[in-house]
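Here's upload-v8.cif, which has mmCIF, C-alpha atoms:
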data_query
loop_
_atom_site.label_atom_id
_atom_site.label_comp_id
_atom_site.auth_asym_id
_atom_site.auth_seq_id
_atom_site.Cartn_x
_atom_site.Cartn_y
_atom_site.Cartn_z
CA MET A 163 92.04 122.19 122.59
CA ASP A 164 94.56 124.71 123.90
CA ALA A 165 94.83 124.04 127.63
CA GLY A 166 95.66 127.69 128.27
CA ASP A 167 92.79 129.54 126.63
CA GLY A 168 90.38 126.69 125.76
CA TYR A 169 90.48 127.54 122.05
CA LEU A 170 89.43 124.67 119.77
CA THR A 171 91.05 123.84 116.44
CA ARG A 172 89.43 121.29 114.14
CA LEU A 173 92.07 119.00 112.67
CA THR A 174 89.88 116.82 110.41
CA ASP A 175 87.58 117.75 107.52
CA GLY A 176 84.32 118.07 109.46
CA LYS A 177 82.53 115.77 107.00
CA SER A 178 83.86 112.24 107.50
CA ARG A 179 83.78 110.02 110.58
CA ASN A 180 87.10 110.24 112.44
CA VAL A 181 87.53 108.15 115.60
CA GLY A 182 89.93 106.36 117.95
CA ALA A 183 92.80 108.86 118.23
CA VAL A 184 95.99 107.59 119.92
CA PHE A 185 99.13 109.67 120.47
CA ALA A 186 102.78 108.81 119.87
CA SER A 187 104.85 108.78 123.06
CA GLN A 188 107.13 111.46 121.62
CA GLY A 189 104.12 113.75 121.24
CA GLY A 190 103.20 115.87 118.26
CA ARG A 191 101.59 113.05 116.22
CA PHE A 192 98.44 111.04 116.54
CA ALA A 193 96.80 108.20 114.61
CA TYR A 194 93.09 107.71 113.99
CA ALA A 195 90.59 105.86 111.81
CA SER A 196 88.57 107.67 109.16
CA ASN A 197 86.05 106.80 106.45
CA ARG A 198 86.91 109.92 104.40
CA ARG A 199 88.15 107.91 101.41
CA ASN A 200 84.85 106.27 100.45
CA GLY A 201 82.45 106.88 103.35
CA LYS A 202 82.51 103.19 104.28
CA ASP A 203 85.88 101.63 105.06
CA GLU A 204 87.81 102.93 108.08
CA ASP A 205 91.38 103.64 106.94
CA LEU A 206 94.24 104.60 109.25
CA TYR A 207 95.84 108.04 109.20
CA VAL A 208 98.75 109.67 111.03
CA GLN A 209 98.72 113.41 111.52
CA SER A 210 100.58 116.20 113.33
CA VAL A 211 98.65 118.07 116.00
CA HIS A 212 99.87 121.28 114.39
CA GLU A 213 98.62 120.54 110.87
CA THR A 214 95.34 119.71 109.14
CA GLY A 215 96.94 117.46 106.50
CA ALA A 216 97.07 113.72 107.26
CA GLN A 217 99.13 110.80 105.98
CA LEU A 218 97.19 107.72 104.87
CA VAL A 219 99.18 104.81 106.32
CA TYR A 220 96.74 101.95 105.74
CA GLU A 221 93.95 101.58 103.21
CA ALA A 222 91.47 99.21 104.83
CA ALA A 223 88.71 96.95 103.68
CA GLY A 224 86.39 97.04 106.68
CA SER A 225 86.73 98.46 110.17
CA PHE A 226 90.22 99.20 111.53
CA SER A 227 91.32 101.17 114.58
CA PRO A 228 94.77 102.27 115.80
CA LEU A 229 95.99 100.88 119.12
CA ASP A 230 99.48 102.14 119.87
CA PHE A 231 102.64 103.59 118.33
CA SER A 232 105.84 101.61 118.70
CA PRO A 233 108.38 103.24 121.08
CA TYR A 234 110.24 105.06 118.28
CA GLY A 235 107.08 105.82 116.30
CA LYS A 236 107.98 103.79 113.22
CA CYS A 237 105.14 101.26 113.49
CA LEU A 238 101.49 101.26 114.46
CA ALA A 239 99.58 98.40 116.08
CA ALA A 240 96.00 98.21 114.80
CA GLU A 241 92.89 96.13 115.31
CA GLU A 242 90.72 94.77 112.51
CA TYR A 243 87.19 94.34 113.88
CA ILE A 244 84.84 91.77 112.38
CA SER A 245 82.47 91.05 115.27
CA ALA A 246 82.46 90.74 119.07
CA GLY A 247 83.92 87.27 118.73
CA GLU A 248 86.30 87.85 115.83
CA SER A 249 89.07 90.39 115.40
CA TYR A 250 92.71 90.48 114.28
CA LEU A 251 95.82 92.46 115.14
CA HIS A 252 98.11 94.07 112.56
CA LEU A 253 101.52 95.74 112.65
CA ILE A 254 101.82 98.56 110.13
CA GLU A 255 105.07 100.23 109.14
CA ILE A 256 104.14 103.89 108.85
CA GLY A 257 106.77 104.86 106.27
CA SER A 258 106.34 101.94 103.86
CA LYS A 259 102.66 101.22 104.72
CA ARG A 260 103.64 97.55 104.95
CA ASP A 261 101.08 95.44 106.83
CA ARG A 262 101.95 92.37 108.90
CA LEU A 263 99.17 90.21 110.32
CA LEU A 264 100.08 89.36 113.92
CA THR A 265 97.24 87.00 114.84
CA PRO A 266 96.24 83.79 113.04
CA ARG A 267 93.54 83.81 110.39
CA ASP A 268 93.10 80.04 110.41
CA GLY A 269 89.36 79.50 110.51
CA LYS A 270 89.25 79.56 114.32
CA PRO A 271 87.88 83.05 115.09
CA ALA A 272 88.98 84.70 118.33
CA SER A 273 88.67 88.08 119.97
CA TRP A 274 91.77 90.28 120.28
CA GLN A 275 91.18 93.49 122.22
CA GLY A 276 93.58 96.40 122.51
CA GLY A 277 97.33 96.49 122.19
CA LYS A 278 100.24 98.21 123.96
CA PHE A 279 103.92 97.92 123.06
CA SER A 280 106.56 97.03 125.62
CA ALA A 281 109.13 99.74 126.31
CA ASP A 282 111.70 98.03 124.06
CA GLY A 283 109.17 97.40 121.26
CA LYS A 284 109.80 93.64 121.24
CA PHE A 285 106.43 92.65 122.72
CA LEU A 286 102.78 93.62 122.38
CA TYR A 287 100.37 93.27 125.29
CA THR A 288 96.77 92.46 124.38
CA ILE A 289 93.60 90.67 125.56
CA THR A 290 92.31 87.52 123.88
CA ASP A 291 90.08 84.46 124.36
CA ARG A 292 92.05 82.50 121.75
CA ASP A 293 93.47 79.91 124.17
CA GLY A 294 90.86 79.59 126.89
CA GLU A 295 87.39 80.16 128.23
CA PHE A 296 88.16 83.67 129.51
CA HIS A 297 89.61 86.81 127.99
CA GLU A 298 93.22 86.74 129.18
CA LEU A 299 95.91 89.39 129.24
CA VAL A 300 98.77 88.06 127.11
CA ARG A 301 102.22 89.17 125.99
CA MET A 302 102.98 88.57 122.32
CA ASN A 303 106.54 88.14 121.10
CA LEU A 304 106.68 90.17 117.88
CA ALA A 305 109.63 88.16 116.58
CA ASP A 306 107.75 84.88 116.28
CA GLY A 307 104.11 85.66 117.20
CA SER A 308 104.09 83.42 120.29
CA THR A 309 101.99 84.48 123.27
CA GLN A 310 102.31 84.09 127.02
CA SER A 311 99.26 84.41 129.26
CA LEU A 312 99.73 86.64 132.31
CA THR A 313 96.33 85.94 133.87
CA ARG A 314 95.79 82.22 133.28
CA ASN A 315 95.36 81.74 137.05
CA ILE A 316 92.46 84.26 137.20
CA PRO A 317 89.08 82.63 136.37
CA TRP A 318 87.50 85.88 135.12
CA ASP A 319 87.60 88.06 132.01
CA VAL A 320 90.15 90.85 131.71
CA ASP A 321 88.31 93.94 130.44
CA ASP A 322 90.94 96.67 130.17
CA PHE A 323 94.62 97.35 130.81
CA ASP A 324 97.39 99.91 130.58
CA ILE A 325 101.18 99.78 130.74
CA SER A 326 103.52 102.41 132.17
CA ARG A 327 105.73 104.22 129.67
CA ASP A 328 108.87 102.60 131.08
CA GLY A 329 107.21 99.18 130.73
CA ARG A 330 107.79 98.22 134.35
CA ARG A 331 104.17 97.93 135.45
CA LEU A 332 100.88 96.73 134.04
CA ALA A 333 97.49 97.65 135.44
CA PHE A 334 94.42 95.67 134.41
CA LEU A 335 90.76 95.28 135.30
CA VAL A 336 89.16 91.89 135.90
CA ASN A 337 85.40 91.43 135.69
CA GLU A 338 84.79 89.52 138.91
CA GLY A 339 81.11 88.62 138.92
CA GLY A 340 80.05 91.85 137.26
CA HIS A 341 82.34 94.21 139.17
CA ALA A 342 85.74 95.44 138.00
CA ALA A 343 88.67 94.57 140.26
CA LEU A 344 92.00 96.36 139.90
CA HIS A 345 95.24 94.37 139.54
CA LEU A 346 98.86 95.51 139.23
CA TYR A 347 101.63 93.44 137.65
CA ASP A 348 105.42 93.86 137.70
CA THR A 349 106.79 92.93 134.27
CA LYS A 350 110.36 92.33 135.50
CA SER A 351 109.56 90.00 138.39
CA ALA A 352 106.49 88.56 136.61
CA ARG A 353 104.51 88.93 139.83
CA GLU A 354 101.41 90.77 140.92
CA ILE A 355 101.73 93.84 143.13
CA ALA A 356 99.42 94.11 146.15
CA VAL A 357 96.75 96.79 145.74
CA PRO A 358 95.26 98.59 148.78
CA ALA A 359 91.58 98.04 149.46
CA LEU A 360 89.28 100.35 147.52
CA PRO A 361 85.66 101.30 148.29
CA PRO A 362 83.23 98.79 146.74
CA GLY A 363 82.25 99.95 143.26
CA ASP A 364 83.05 99.86 139.57
CA ILE A 365 86.49 100.92 138.30
CA SER A 366 87.13 102.17 134.76
CA SER A 367 89.50 104.29 132.65
CA ILE A 368 92.77 103.09 134.19
CA ARG A 369 95.77 105.12 132.98
CA PHE A 370 99.33 105.57 134.15
CA SER A 371 100.67 109.09 134.49
CA PRO A 372 103.29 110.07 131.86
CA GLU A 373 106.17 109.52 134.28
CA GLY A 374 104.70 106.18 135.42
CA GLY A 375 104.75 106.92 139.13
CA GLU A 376 101.00 107.13 139.52
CA LEU A 377 97.92 105.23 138.37
CA ARG A 378 94.70 107.14 137.83
CA PHE A 379 91.24 105.70 137.40
CA SER A 380 87.53 106.37 137.76
CA LEU A 381 85.54 104.74 140.54
CA SER A 382 81.74 104.74 140.87
CA THR A 383 80.20 103.78 144.21
CA MET A 384 76.71 103.88 145.70
CA SER A 385 77.48 107.19 147.40
CA ALA A 386 79.66 108.75 144.69
CA PRO A 387 78.65 107.86 141.12
CA GLY A 388 81.89 108.63 139.34
CA ASP A 389 85.05 110.19 140.79
CA VAL A 390 88.73 110.17 139.85
CA TYR A 391 91.21 108.43 142.13
CA SER A 392 95.01 108.36 142.21
CA LEU A 393 97.22 105.49 143.34
CA PRO A 394 100.89 106.48 143.83
CA LEU A 395 103.36 103.68 143.12
CA PRO A 396 104.53 101.63 144.93
CA ALA A 397 100.88 101.03 145.74
CA ALA A 398 100.57 102.06 149.40
CA HIS A 399 97.39 104.13 149.47
CA PHE A 400 94.93 105.81 147.12
CA THR A 401 93.71 109.42 146.99
CA ARG A 402 90.34 110.67 145.86
CA CYS A 403 90.97 113.55 143.45
CA THR A 404 87.43 114.75 142.78
CA ALA A 405 84.21 114.98 144.78
CA ARG A 406 81.09 114.79 142.66
CA ASP A 407 78.23 116.94 143.86
CA THR A 408 75.42 114.82 145.32
CA ALA A 409 72.98 117.77 145.30
CA GLY A 410 72.64 117.82 149.07
CA ALA A 411 71.84 114.13 149.44
CA SER A 412 73.45 112.36 152.36
CA ARG A 413 76.31 110.06 151.46
CA ALA A 414 75.48 107.87 154.43
CA ARG A 415 71.80 107.28 153.76
CA ARG A 416 69.80 107.04 150.54
CA ARG A 417 66.05 106.57 150.29
CA SER A 418 64.80 104.18 147.64
CA PRO A 419 62.58 105.83 145.03
CA ALA A 420 58.83 105.37 145.44
CA ARG A 421 57.23 102.84 143.15
#

Would you mind writing the structure in this file as structure tokens?
Amino acid sequence: MDAGDGYLTRLTDGKSRNVGAVFASQGGRFAYASNRRNGKDEDLYVQSVHETGAQLVYEAAGSFSPLDFSPYGKCLAAEEYISAGESYLHLIEIGSKRDRLLTPRDGKPASWQGGKFSADGKFLYTITDRDGEFHELVRMNLADGSTQSLTRNIPWDVDDFDISRDGRRLAFLVNEGGHAALHLYDTKSAREIAVPALPPGDISSIRFSPEGGELRFSLSTMSAPGDVYSLPLPAAHFTRCTARDTAGASRARRRSPAR
């Protein structure tokens, strides 16, 4: 979509299933999964936003999805999905199409969810239940495959996360008894950053701004079912960016529907 005039340009063939687009940090290229080859397996493609032709970078057997480009755009982290309790992470060299399995395939299935490269490309951040009862946010050393848990002290599942482009801060959501709680983490000091109190509700879609000085997210509350909020960093206060129309209903009082 052209942000200026709203004109839409279709970049894929309009016949196959094409999903999970992620963009390179340099811009201009994106990766996605497509079943165009045989209508079944989800291969990985890299394509320019200005062209309709795509480069097949990984021919899959099963369901694969792209996660993130490495900082210089030479590699692609990808997830191989088997089931809710079994998945694997891969590192694919875009030029050579070489595939390196990052997570063990040793008969002990585990869930690996998402993946974001560190700013220097030496680490991959991801979520896994491989080493504990809960889904933990971990940092994987790409040199030797070792992992370090960043949330071992939190007795809840981590559901989502994002990392700033400069790699200095991590934001992640923890499912605390059915409600998402926002956490911030400083990667240099290896400490959590205090977050100001937010209205009670469910948080989703956490994303750092391109320059990394702001965290944006969606928050649904009893009085406002879905608005966008901004948290400037350092985290001192938050700002509500949108105000969903409640169709004249009072935000202070709601009547329960008749049964």

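Nearest residue to Tyr391 (chain A), choosing from A:Ser232, A:Gly374, A:Ser366, A:Ala356 and counting all atoms listed in the file: A:Ser366.
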
Nearest to Pro317 (chain A) by atom-to-atom distance, counting all atoms listed in the file, from A:Phe296, A:Phe334, A:Phe400, A:Tyr220: A:Phe296

Chain and number of each residue from the PyMOL selection byres ((chain A and resi 211) around 6), as an mmCIF file with C-alpha atoms, in the frame of the given file:
data_model
loop_
_atom_site.group_PDB
_atom_site.id
_atom_site.type_symbol
_atom_site.label_atom_id
_atom_site.label_comp_id
_atom_site.auth_asym_id
_atom_site.auth_seq_id
_atom_site.Cartn_x
_atom_site.Cartn_y
_atom_site.Cartn_z
ATOM 1 C CA GLY A 190 103.200 115.870 118.260
ATOM 2 C CA ARG A 191 101.590 113.050 116.220
ATOM 3 C CA SER A 210 100.580 116.200 113.330
ATOM 4 C CA HIS A 212 99.870 121.280 114.390
ATOM 5 C CA GLU A 213 98.620 120.540 110.870
#

Who sits within 12 Å of Lys270 (chain A), only C-alpha atoms, same chain under 5 positions skipped, as a list of chain:residue names: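 Answer for this query is A:Gly247, A:Glu248, A:Ser249, A:Tyr250, A:Thr265, A:Asp291, A:Arg292, A:Asp293.
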
Dump as a CSV table (one decimal), keeping the file's coordinate frame, selection limited to C-alpha atoms:
chain,number,residue,atom,x,y,z
A,247,GLY,CA,83.9,87.3,118.7
A,248,GLU,CA,86.3,87.8,115.8
A,249,SER,CA,89.1,90.4,115.4
A,250,TYR,CA,92.7,90.5,114.3
A,265,THR,CA,97.2,87.0,114.8
A,291,ASP,CA,90.1,84.5,124.4
A,292,ARG,CA,92.0,82.5,121.8
A,293,ASP,CA,93.5,79.9,124.2

Please write as a JSON list (two decimals) with C-alpha atoms, in the coordinates of the input the full residue list that the PyMOL selection byres ((chain A and resi 401-405) around 12) yields on this file.
[["chain", "number", "residue", "atom", "x", "y", "z"],
["A", 358, "PRO", "CA", 95.26, 98.59, 148.78],
["A", 359, "ALA", "CA", 91.58, 98.04, 149.46],
["A", 360, "LEU", "CA", 89.28, 100.35, 147.52],
["A", 361, "PRO", "CA", 85.66, 101.30, 148.29],
["A", 376, "GLU", "CA", 101.00, 107.13, 139.52],
["A", 377, "LEU", "CA", 97.92, 105.23, 138.37],
["A", 378, "ARG", "CA", 94.70, 107.14, 137.83],
["A", 379, "PHE", "CA", 91.24, 105.70, 137.40],
["A", 380, "SER", "CA", 87.53, 106.37, 137.76],
["A", 381, "LEU", "CA", 85.54, 104.74, 140.54],
["A", 382, "SER", "CA", 81.74, 104.74, 140.87],
["A", 383, "THR", "CA", 80.20, 103.78, 144.21],
["A", 385, "SER", "CA", 77.48, 107.19, 147.40],
["A", 386, "ALA", "CA", 79.66, 108.75, 144.69],
["A", 387, "PRO", "CA", 78.65, 107.86, 141.12],
["A", 388, "GLY", "CA", 81.89, 108.63, 139.34],
["A", 389, "ASP", "CA", 85.05, 110.19, 140.79],
["A", 390, "VAL", "CA", 88.73, 110.17, 139.85],
["A", 391, "TYR", "CA", 91.21, 108.43, 142.13],
["A", 392, "SER", "CA", 95.01, 108.36, 142.21],
["A", 393, "LEU", "CA", 97.22, 105.49, 143.34],
["A", 394, "PRO", "CA", 100.89, 106.48, 143.83],
["A", 395, "LEU", "CA", 103.36, 103.68, 143.12],
["A", 397, "ALA", "CA", 100.88, 101.03, 145.74],
["A", 398, "ALA", "CA", 100.57, 102.06, 149.40],
["A", 399, "HIS", "CA", 97.39, 104.13, 149.47],
["A", 400, "PHE", "CA", 94.93, 105.81, 147.12],
["A", 406, "ARG", "CA", 81.09, 114.79, 142.66],
["A", 407, "ASP", "CA", 78.23, 116.94, 143.86],
["A", 408, "THR", "CA", 75.42, 114.82, 145.32],
["A", 409, "ALA", "CA", 72.98, 117.77, 145.30],
["A", 413, "ARG", "CA", 76.31, 110.06, 151.46]]

Selection under test: the PyMOL selection byres ((chain A and resi 173) around 10); residues as a ChimeraX atom specification: /A:170-172,174-176,209-216

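Using only C-alpha atoms, the residues found no farther than 12 Å from Ile355 (chain A), other than those of its own chain fewer than 4 positions away, are Arg330, Arg331, Leu332, Ala333, Phe334, Leu344, His345, Leu346, Tyr347, Asp348, Thr349, Lys350, Ser351, Leu395, Pro396, Ala397 and Ala398 of chain A.
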
Any chance you could export the current selection's C-alpha atoms as a compact mmCIF listing (two decimals), in the coordinates of the input?
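Below is the file that was written, selection-v1.txt:
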# COMPACT_ATOMS: atom_id res chain seq x y z
CA ARG A 330 107.79 98.22 134.35
CA ARG A 331 104.17 97.93 135.45
CA LEU A 332 100.88 96.73 134.04
CA ALA A 333 97.49 97.65 135.44
CA PHE A 334 94.42 95.67 134.41
CA LEU A 344 92.00 96.36 139.90
CA HIS A 345 95.24 94.37 139.54
CA LEU A 346 98.86 95.51 139.23
CA TYR A 347 101.63 93.44 137.65
CA ASP A 348 105.42 93.86 137.70
CA THR A 349 106.79 92.93 134.27
CA LYS A 350 110.36 92.33 135.50
CA SER A 351 109.56 90.00 138.39
CA LEU A 395 103.36 103.68 143.12
CA PRO A 396 104.53 101.63 144.93
CA ALA A 397 100.88 101.03 145.74
CA ALA A 398 100.57 102.06 149.40

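Counting all atoms listed in the file and comparing A:Gly257, A:Pro362, A:Gly276, A:Gly339, the residue that lies closest to Tyr207 (chain A) is A:Gly257.
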
Counting only C-alpha atoms, the option among A:Glu338, A:Asp164, A:Asp319, A:Glu242 closest to Leu206 (chain A): A:Glu242
